[in-house]
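Coordinates as given in query-v1.txt (compact mmCIF, C-alpha atoms and all ligand atoms):
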```txt
# COMPACT_ATOMS: atom_id res chain seq x y z
CA MET A 1051 28.21 -8.59 6.65
CA SER A 1052 27.52 -10.74 3.59
CA ASP A 1053 28.81 -9.94 0.13
CA ALA A 1054 25.25 -9.31 -1.03
CA SER A 1055 24.54 -6.66 1.58
CA SER A 1056 27.85 -4.89 1.13
CA THR A 1057 27.34 -4.19 -2.57
CA GLU A 1058 25.62 -1.02 -3.72
CA THR A 1059 23.44 -2.84 -6.26
CA VAL A 1060 19.80 -3.20 -5.21
CA ARG A 1061 17.79 -5.73 -7.19
CA TYR A 1062 14.06 -5.60 -7.89
CA PRO A 1063 11.68 -8.08 -9.51
CA ALA A 1064 11.51 -7.80 -13.31
CA VAL A 1065 7.73 -7.30 -13.29
CA VAL A 1066 5.63 -5.65 -10.55
CA LEU A 1067 1.86 -5.02 -10.47
CA VAL A 1068 0.70 -1.89 -8.63
CA THR A 1069 -3.02 -1.34 -7.98
CA GLY A 1070 -4.55 2.10 -7.69
CA ALA A 1071 -1.61 3.31 -9.76
CA ALA A 1072 -3.45 5.88 -11.90
CA GLY A 1073 -2.99 8.50 -9.19
CA GLY A 1074 -1.85 9.32 -5.68
CA MET A 1075 0.89 7.25 -4.10
CA GLY A 1076 0.33 4.31 -6.46
CA ALA A 1077 1.43 6.39 -9.45
CA GLY A 1078 4.53 7.44 -7.50
CA HIS A 1079 5.38 3.83 -6.64
CA ALA A 1080 4.93 2.87 -10.31
CA ARG A 1081 7.21 5.64 -11.62
CA ALA A 1082 9.90 4.91 -9.02
CA LEU A 1083 9.90 1.21 -9.90
CA ALA A 1084 10.06 1.93 -13.63
CA ALA A 1085 13.00 4.27 -13.03
CA ARG A 1086 14.80 1.25 -11.52
CA GLY A 1087 14.29 -0.91 -14.61
CA VAL A 1088 11.13 -2.73 -13.49
CA HIS A 1089 8.30 -3.36 -15.96
CA VAL A 1090 5.31 -1.94 -14.10
CA CYS A 1091 1.76 -3.21 -14.60
CA VAL A 1092 -0.27 -0.10 -13.81
CA ALA A 1093 -3.75 -1.15 -12.66
CA ASP A 1094 -6.72 1.02 -11.68
CA VAL A 1095 -10.45 1.60 -12.17
CA ALA A 1096 -9.45 5.05 -13.39
CA ASP A 1097 -7.68 5.72 -16.70
CA THR A 1098 -4.10 4.41 -16.51
CA ALA A 1099 -3.02 5.83 -19.88
CA PRO A 1100 -1.51 9.10 -18.54
CA VAL A 1101 0.71 7.29 -16.01
CA VAL A 1102 1.78 4.68 -18.56
CA ALA A 1103 2.58 7.43 -21.09
CA ARG A 1104 4.59 9.35 -18.48
CA ILE A 1105 6.61 6.27 -17.51
CA ARG A 1106 7.38 5.57 -21.17
CA ALA A 1107 8.34 9.21 -21.75
CA GLU A 1108 10.74 8.88 -18.84
CA GLY A 1109 12.35 5.86 -20.54
CA GLY A 1110 10.60 3.19 -18.49
CA SER A 1111 8.47 0.18 -19.34
CA ALA A 1112 4.81 -0.08 -18.31
CA SER A 1113 1.47 -1.57 -19.33
CA GLY A 1114 -1.99 -0.36 -18.35
CA HIS A 1115 -4.64 -2.69 -16.92
CA THR A 1116 -8.26 -1.87 -16.10
CA LEU A 1117 -8.93 -3.36 -12.68
CA ASP A 1118 -11.59 -2.95 -10.03
CA VAL A 1119 -9.84 -4.70 -7.16
CA ALA A 1120 -13.21 -5.63 -5.65
CA ASP A 1121 -13.96 -7.84 -8.68
CA PRO A 1122 -12.26 -11.27 -8.58
CA GLY A 1123 -13.06 -11.87 -12.26
CA ALA A 1124 -11.14 -8.71 -13.19
CA TRP A 1125 -8.13 -9.94 -11.19
CA ALA A 1126 -8.16 -13.24 -13.11
CA ARG A 1127 -8.19 -11.33 -16.42
CA VAL A 1128 -5.35 -8.98 -15.42
CA VAL A 1129 -3.13 -11.82 -14.16
CA ALA A 1130 -3.77 -13.71 -17.42
CA GLU A 1131 -2.79 -10.57 -19.37
CA ILE A 1132 0.47 -10.37 -17.42
CA ARG A 1133 1.22 -14.09 -17.81
CA ASP A 1134 0.63 -13.87 -21.57
CA ALA A 1135 2.58 -10.65 -22.12
CA ARG A 1136 5.45 -10.99 -19.61
CA GLY A 1137 5.43 -14.63 -18.48
CA GLU A 1138 6.31 -13.73 -14.91
CA LEU A 1139 5.41 -11.60 -11.90
CA GLY A 1140 7.71 -10.91 -8.95
CA GLY A 1141 5.90 -8.17 -7.06
CA LEU A 1142 2.43 -6.96 -6.15
CA VAL A 1143 1.63 -3.70 -4.38
CA ASN A 1144 -1.96 -3.76 -3.09
CA ASN A 1145 -2.21 0.02 -2.93
CA ALA A 1146 -5.76 0.77 -4.16
CA GLY A 1147 -7.88 2.04 -1.31
CA ILE A 1148 -10.79 4.31 -0.53
CA SER A 1149 -11.46 6.38 2.56
CA ARG A 1150 -14.79 7.57 3.88
CA ARG A 1151 -14.24 9.83 6.88
CA LEU A 1152 -17.58 9.02 8.47
CA GLU A 1153 -18.22 8.67 12.17
CA PHE A 1154 -19.49 5.35 13.49
CA LEU A 1155 -23.24 6.14 13.53
CA ASP A 1156 -23.05 7.93 10.16
CA THR A 1157 -21.61 4.88 8.41
CA SER A 1158 -24.31 3.29 6.24
CA ASP A 1159 -24.37 -0.38 5.30
CA GLU A 1160 -23.51 0.63 1.73
CA VAL A 1161 -20.39 2.57 2.78
CA TRP A 1162 -19.34 -0.21 5.15
CA GLU A 1163 -19.65 -2.81 2.39
CA ARG A 1164 -17.90 -0.80 -0.36
CA VAL A 1165 -14.93 0.14 1.83
CA MET A 1166 -14.54 -3.49 2.92
CA ARG A 1167 -14.80 -4.73 -0.65
CA VAL A 1168 -12.13 -2.38 -1.98
CA ASN A 1169 -9.70 -2.19 0.96
CA LEU A 1170 -9.91 -5.75 2.30
CA PHE A 1171 -11.57 -8.07 -0.21
CA GLY A 1172 -9.47 -6.47 -2.98
CA PRO A 1173 -6.08 -7.50 -1.55
CA PHE A 1174 -7.51 -10.96 -0.70
CA TYR A 1175 -8.65 -11.50 -4.29
CA GLY A 1176 -5.37 -10.05 -5.54
CA MET A 1177 -3.10 -12.28 -3.49
CA LYS A 1178 -5.13 -15.35 -4.48
CA ALA A 1179 -4.95 -14.34 -8.14
CA VAL A 1180 -1.18 -13.68 -8.31
CA ALA A 1181 0.13 -16.44 -6.03
CA GLY A 1182 0.37 -19.11 -8.73
CA LEU A 1183 2.17 -16.86 -11.22
CA MET A 1184 4.54 -15.62 -8.51
CA ARG A 1185 5.28 -19.20 -7.44
CA ASP A 1186 6.00 -20.11 -11.07
CA SER A 1187 8.26 -17.03 -11.28
CA GLY A 1188 10.43 -18.33 -8.44
CA GLY A 1189 8.86 -16.31 -5.61
CA GLY A 1190 8.27 -12.64 -4.99
CA SER A 1191 7.20 -9.88 -2.66
CA ILE A 1192 3.71 -8.61 -1.86
CA VAL A 1193 3.31 -5.22 -0.20
CA ASN A 1194 -0.10 -4.44 1.28
CA ILE A 1195 -0.76 -0.77 1.94
CA SER A 1196 -2.64 -0.64 5.22
CA SER A 1197 -2.58 2.46 7.44
CA ILE A 1198 -2.01 3.46 11.03
CA ALA A 1199 -5.83 3.14 11.12
CA GLY A 1200 -5.05 -0.61 10.90
CA GLN A 1201 -2.93 -0.44 14.06
CA ILE A 1202 -4.84 1.88 16.40
CA GLY A 1203 -8.46 2.90 16.94
CA TYR A 1204 -9.65 5.33 14.27
CA PHE A 1205 -13.02 7.11 14.26
CA SER A 1206 -14.15 5.82 10.86
CA PRO A 1207 -15.20 2.19 11.49
CA ALA A 1208 -15.24 0.98 7.89
CA TYR A 1209 -11.81 2.35 7.05
CA SER A 1210 -10.25 1.24 10.33
CA SER A 1211 -11.75 -2.26 10.18
CA SER A 1212 -10.71 -2.74 6.56
CA LYS A 1213 -7.14 -1.71 7.34
CA TRP A 1214 -6.96 -3.82 10.53
CA GLY A 1215 -8.27 -6.69 8.45
CA LEU A 1216 -5.53 -6.10 5.92
CA THR A 1217 -2.91 -6.19 8.69
CA GLY A 1218 -4.08 -9.66 9.70
CA LEU A 1219 -4.59 -10.82 6.12
CA SER A 1220 -0.98 -9.91 5.36
CA LYS A 1221 0.32 -12.06 8.22
CA SER A 1222 -1.90 -14.95 7.19
CA ALA A 1223 -0.67 -14.75 3.59
CA ALA A 1224 2.96 -14.46 4.76
CA GLY A 1225 2.59 -17.83 6.45
CA ALA A 1226 0.72 -19.43 3.59
CA PHE A 1227 3.07 -18.33 0.80
CA ALA A 1228 6.47 -18.66 2.52
CA LYS A 1229 6.85 -22.14 1.03
CA TRP A 1230 6.87 -20.57 -2.43
CA GLY A 1231 9.42 -17.89 -1.58
CA ILE A 1232 6.75 -15.19 -1.52
CA ARG A 1233 7.13 -12.57 1.22
CA VAL A 1234 4.14 -10.51 2.39
CA ASN A 1235 4.42 -7.35 4.49
CA SER A 1236 2.12 -4.47 5.36
CA VAL A 1237 2.95 -0.77 5.26
CA HIS A 1238 1.19 1.63 7.63
CA PRO A 1239 1.40 5.25 6.52
CA GLY A 1240 0.24 8.04 8.78
CA LEU A 1241 -0.87 11.27 7.11
CA VAL A 1242 0.43 11.50 3.57
CA ASP A 1243 0.03 14.47 1.29
CA THR A 1244 -2.18 13.01 -1.50
CA PRO A 1245 -5.66 13.68 -2.97
CA LEU A 1246 -7.04 11.20 -0.39
CA LEU A 1247 -6.73 14.05 2.13
CA ASP A 1248 -8.43 16.63 -0.12
CA GLY A 1249 -11.18 18.50 1.70
CA ALA A 1250 -9.94 17.43 5.12
CA ASP A 1251 -7.86 20.53 5.96
CA ALA A 1252 -9.15 20.96 9.51
CA PHE A 1253 -8.73 17.25 10.22
CA VAL A 1254 -5.18 17.28 8.86
CA ALA A 1255 -4.16 20.45 10.73
CA SER A 1256 -5.44 19.03 13.97
CA ALA A 1257 -3.81 15.65 13.39
CA VAL A 1258 -0.43 17.17 12.51
CA ALA A 1259 -0.30 18.67 16.01
CA SER A 1260 0.19 15.09 17.25
CA VAL A 1261 2.93 14.17 14.77
CA PRO A 1262 6.37 14.46 16.40
CA ALA A 1263 7.89 15.01 12.95
CA GLY A 1264 5.64 18.10 12.74
CA ARG A 1265 4.35 17.53 9.21
CA THR A 1266 2.57 15.15 6.86
CA ALA A 1267 4.65 12.64 4.90
CA ARG A 1268 5.76 13.26 1.35
CA PRO A 1269 4.49 10.41 -0.87
CA GLU A 1270 8.11 9.55 -1.77
CA GLU A 1271 8.75 8.67 1.87
CA VAL A 1272 6.21 5.86 1.58
CA THR A 1273 7.55 4.89 -1.86
CA ASP A 1274 11.02 4.37 -0.35
CA VAL A 1275 9.58 1.78 2.06
CA VAL A 1276 7.66 0.03 -0.72
CA LEU A 1277 10.85 -0.13 -2.82
CA HIS A 1278 12.76 -1.60 0.11
CA LEU A 1279 10.15 -4.31 0.70
CA LEU A 1280 10.11 -5.27 -2.99
CA SER A 1281 13.89 -5.38 -3.22
CA ASP A 1282 16.55 -7.94 -2.33
CA ARG A 1283 17.41 -5.75 0.69
CA SER A 1284 14.49 -7.17 2.67
CA THR A 1285 14.78 -10.90 2.00
CA TYR A 1286 14.20 -11.89 5.66
CA LEU A 1287 11.27 -9.52 6.17
CA THR A 1288 7.90 -11.21 5.97
CA GLY A 1289 4.73 -10.94 8.02
CA SER A 1290 5.97 -7.57 9.30
CA GLU A 1291 4.25 -4.23 9.81
CA VAL A 1292 6.27 -1.21 8.72
CA THR A 1293 4.89 2.00 10.20
CA VAL A 1294 5.67 5.25 8.34
CA ASP A 1295 4.02 7.92 10.46
CA GLY A 1296 6.57 10.46 11.72
CA GLY A 1297 6.20 9.02 15.23
CA LEU A 1298 2.44 9.61 15.50
CA THR A 1299 1.38 6.25 16.92
CA SER A 1300 4.46 5.68 19.08
CA ASN A 1301 4.82 9.17 20.56
CA GLY A 1302 1.97 11.38 19.42
CA LEU A 1303 0.18 11.60 22.73
CA TYR A 1304 3.10 12.76 24.88
CA HIS A 1305 4.46 14.90 22.09
CA ARG A 1306 1.18 16.83 22.09
CA ILE A 1307 0.94 17.00 25.87
CA VAL A 1308 4.49 18.34 26.16
CA ALA A 1309 3.91 20.85 23.36
CA GLU A 1310 0.62 22.11 24.83
CA SER A 1311 1.88 22.27 28.43
CA GLY A 1312 4.95 24.27 27.47
CA GLY A 1313 7.63 21.64 28.10
CA ALA A 1314 8.34 18.33 29.78
CA ARG A 1315 8.91 19.94 33.24
CA ALA A 1316 5.83 22.15 33.21
N1 LIG B 1 -3.01 9.52 1.92
C1 LIG B 1 -2.89 9.11 3.17
O1 LIG B 1 -2.75 9.91 4.10
C2 LIG B 1 -2.88 7.63 3.49
C3 LIG B 1 -2.58 7.24 4.79
C4 LIG B 1 -2.56 5.88 5.11
C5 LIG B 1 -2.85 4.93 4.15
N2 LIG B 1 -3.17 5.35 2.89
C6 LIG B 1 -3.47 4.29 1.92
O2 LIG B 1 -2.58 4.40 0.82
C7 LIG B 1 -3.22 3.92 -0.37
C8 LIG B 1 -3.11 4.95 -1.48
O3 LIG B 1 -3.72 6.14 -1.01
P1 LIG B 1 -3.63 7.53 -1.79
O4 LIG B 1 -3.59 8.56 -0.74
O5 LIG B 1 -2.59 7.50 -2.84
O6 LIG B 1 -5.10 7.53 -2.45
P2 LIG B 1 -5.68 8.26 -3.77
O7 LIG B 1 -7.13 8.43 -3.52
O8 LIG B 1 -4.84 9.44 -4.12
O9 LIG B 1 -5.46 7.14 -4.90
C9 LIG B 1 -6.11 5.91 -4.82
C10 LIG B 1 -6.11 5.24 -6.20
O10 LIG B 1 -6.84 4.02 -6.07
C11 LIG B 1 -7.74 3.92 -7.15
N3 LIG B 1 -8.87 3.08 -6.78
C12 LIG B 1 -9.92 3.39 -5.96
N4 LIG B 1 -10.78 2.37 -5.91
C13 LIG B 1 -10.27 1.39 -6.70
C14 LIG B 1 -10.71 0.09 -7.06
N5 LIG B 1 -11.88 -0.42 -6.61
N6 LIG B 1 -9.93 -0.66 -7.89
C15 LIG B 1 -8.77 -0.16 -8.38
N7 LIG B 1 -8.31 1.07 -8.10
C16 LIG B 1 -9.06 1.83 -7.26
C17 LIG B 1 -8.15 5.34 -7.46
O11 LIG B 1 -8.68 5.47 -8.79
C18 LIG B 1 -6.82 6.08 -7.27
O12 LIG B 1 -6.06 6.10 -8.45
C19 LIG B 1 -4.66 3.59 0.03
O13 LIG B 1 -4.78 2.20 0.29
C20 LIG B 1 -4.85 4.39 1.30
O14 LIG B 1 -5.85 3.83 2.14
C21 LIG B 1 -3.19 6.67 2.54
```
Could I get this structure in the form of structure tokens?
Ligand SMILES: NC(=O)c1ccc[n+]([C@@H]2O[C@H](COP(=O)([O-])OP(=O)(O)OC[C@H]3O[C@@H](n4cnc5c(N)ncnc54)[C@H](O)[C@@H]3O)[C@@H](O)[C@H]2O)c1
Amino acid sequence: MSDASSTETVRYPAVVLVTGAAGGMGAGHARALAARGVHVCVADVADTAPVVARIRAEGGSASGHTLDVADPGAWARVVAEIRDARGELGGLVNNAGISRRLEFLDTSDEVWERVMRVNLFGPFYGMKAVAGLMRDSGGGSIVNISSIAGQIGYFSPAYSSSKWGLTGLSKSAAGAFAKWGIRVNSVHPGLVDTPLLDGADAFVASAVASVPAGRTARPEEVTDVVLHLLSDRSTYLTGSEVTVDGGLTSNGLYHRIVAESGGARA
């Protein structure tokens, strides 16, 4: 074991940009990073002021940035704001995402295009926009929030395709940016208790029956993985998929069969 891995100190980049950080899991990631001494650039189409104010009230450092991730011009402006104000960037969490739980034949061209633009084009524009500043900062870590819908078939074609695309985009970027000391990994949450699941009670109840852990994830359980991937505890992890799903994709089928048939020997 090296000296570095035997010490208790975990190091994070000085400045990290989190998209979709005005609410849901993104806000949780932002607060957790700020609590560890990171300056967090809180970016969202929605109002970031409440999250920034909360981080500051908790003793942390944060700045708010208006950003529609589907707009490459907005990315250029936000990265320029960060370069001017902080001079460096060591982490990006491409967390912003939208979900439309529409079956295949109910998915209109408009829904298809918007979901792709936010969930897939957004991280592409984002990684292109930050790469130069991260290189100039000595390297960094990019965490792309995909989903288990980006690892298995999922009924909603736009969401699933966008997240599968993000899985591949992450691996492509990991190869492209390794020369600059920039790591890129994707995180694949299963069902997480956030507003994204609002109004989907029947869907969630049915899905939980296939989760060996027997419950949805707490947002903090995804935050812990994001923190790990941003930290100096994951320096040899790049191009990897980290699945955070309570065993759903690896064991959900047989878990459900065993539960419904009354035991493995039934
Ligand atoms: N909740 C789950 O069960 C779950 C499971 C797997 C993956 N995910 C993924 O995790 C990420 C976060 O999900 P969540 O549950 O916290 O969602 P959420 O809906 O609670 O929050 C999403 C945030 O993204 C912002 N946003 C939406 N469109 C944007 C845009 N164009 N530009 C910038 N910001 C935008 C919203 O304003 C919001 O603050 C998403 O990428 C989602 O696909 C969620």
Quiz item: Nearest to Thr1285 in chain A: which of A:Arg1133, A:Arg1106, A:Arg1061, A:Arg1268 is it, counting all atoms listed in the file?
Solution: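 Residue with the minimum atom-to-atom distance to Thr1285 in chain A: A:Arg1061.
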Quiz item: CA of Asp1186 in chain A and CA of Gly1231 in chain A are how many Å apart?
Solution: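 Value for the CA of Asp1186 in chain A-CA of Gly1231 in chain A distance: 10.3 Å.
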Quiz item: What does the distance between CA of Ser1284 in chain A and CA of Glu1058 in chain A come to in Å, to one decimal place?
Solution: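 Spanning CA of Ser1284 in chain A to CA of Glu1058 in chain A is a straight-line distance of 14.2 Å.
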Exercise. Select all residues near (9.1, -7.2, -9.8) (cut-off 9 Å, inclusive, file coordinates), counting only C-alpha atoms, and output them as a ChimeraX atom specification.
Key: /A:1062-1067,1083,1088-1090,1138-1142,1190-1191,1280-1281
Practice problem: Show which residues sit within 9 Å of Asp1121 in chain A, as a ChimeraX atom specification. Count only C-alpha atoms, and ignore same-chain residues fewer than 6 positions away. | Solution: /A:1167-1168,1171-1172,1175
Exercise. Considering all atoms listed in the file, return as a ChimeraX atom specification whatever protein or nucleic-acid residues lie within 10 Å of Val1119 in chain A, sequence-local ones (same chain, fewer than 6 positions apart) excluded.
Key: /A:1069-1070,1093-1095,1125,1144-1147,1167-1176
Practice problem: Name the closest residue to Glu1108 in chain A among the candidates A:Ala1082, A:Leu1216, A:Leu1241, A:Val1143; distances are taken between atoms, counting all atoms listed in the file. | Solution: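 Ranked by minimum distance to Glu1108 in chain A, first place goes to A:Ala1082.
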